[in-house]
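Below is one structure, written out as structure tokens; the observations come after it.
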Amino acid sequence: MDSKAEASSALSARAGHVVRISVPVNVANDFTLFTNMLKDLGGRLGCKQCISGAACFFDLEKDYVVNEKGQILNR
């Protein structure tokens, strides 16, 4: 079996361990806040030392505010 098939098979077998995390930009851009969040996440996933036992996908939050004129405001 080639490495792509093995990786796909391994991920499918661990489908219950896929985690999606939405992170505010200020946390993603602050090393201390981000690492503290990772430690908390690891603890919630069962291992405070790491998150390697789960397939974690990080999304940056993108919030837009629109005023009454229909214009997007800077955030």
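Chain labels run A, B, ... following the order of the structure tokens; each chain numbers its residues from 1, and ligands are numbered from 1 in the order shown.
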
Nearby residues (only C-alpha atoms) at most 12 Å from stretch 21-38 of chain A, same-chain spacing under 2 positions excluded, as number ranges by chain: A: 18-19, 40-45, 47-52, 54-63, 75

Could the residues in this selection be written to a file with C-alpha atoms, as a PDB file, in the first residue's frame?
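Result file out13.pdb:
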ATOM      1  CA  VAL A  18     -11.064  14.612  14.211  1.00  0.00           C
ATOM      2  CA  VAL A  19     -11.252  17.967  15.978  1.00  0.00           C
ATOM      3  CA  ASP A  40      -6.082  23.190  27.577  1.00  0.00           C
ATOM      4  CA  LEU A  41      -7.185  21.420  24.396  1.00  0.00           C
ATOM      5  CA  GLY A  42      -4.741  18.578  25.053  1.00  0.00           C
ATOM      6  CA  GLY A  43      -6.154  18.154  28.538  1.00  0.00           C
ATOM      7  CA  ARG A  44      -9.688  18.014  27.191  1.00  0.00           C
ATOM      8  CA  LEU A  45      -8.613  15.434  24.605  1.00  0.00           C
ATOM      9  CA  CYS A  47      -3.323  14.211  27.129  1.00  0.00           C
ATOM     10  CA  LYS A  48      -2.246  17.554  28.545  1.00  0.00           C
ATOM     11  CA  GLN A  49       1.218  17.177  27.007  1.00  0.00           C
ATOM     12  CA  CYS A  50       0.133  17.092  23.349  1.00  0.00           C
ATOM     13  CA  ILE A  51      -2.653  16.869  20.797  1.00  0.00           C
ATOM     14  CA  SER A  52      -0.939  14.322  18.536  1.00  0.00           C
ATOM     15  CA  ALA A  54      -6.221  13.631  17.271  1.00  0.00           C
ATOM     16  CA  ALA A  55      -6.463  15.086  13.785  1.00  0.00           C
ATOM     17  CA  CYS A  56      -6.798  18.774  14.670  1.00  0.00           C
ATOM     18  CA  PHE A  57      -7.824  21.340  12.085  1.00  0.00           C
ATOM     19  CA  PHE A  58      -7.507  25.016  13.001  1.00  0.00           C
ATOM     20  CA  ASP A  59      -9.711  27.659  11.404  1.00  0.00           C
ATOM     21  CA  LEU A  60      -9.101  31.354  11.894  1.00  0.00           C
ATOM     22  CA  GLU A  61     -12.318  33.137  12.764  1.00  0.00           C
ATOM     23  CA  LYS A  62     -13.303  35.660  10.151  1.00  0.00           C
ATOM     24  CA  ASP A  63     -16.051  37.937  11.392  1.00  0.00           C
ATOM     25  CA  ARG A  75     -12.604  44.753  12.377  1.00  0.00           C
TER      26      ARG A  75
END

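Residues of stretch 13-74 of chain A that DSSP places in alpha helix (DSSP H), based on the backbone of this structure, are Ala13, Val25, Asn26, Val27, Ala28, Phe31, Thr32, Leu33, Phe34, Thr35, Asn36, Met37, Leu38, Lys39, Asp40, Leu41, Gly42, Gly43, Arg44 and Leu45 of chain A.
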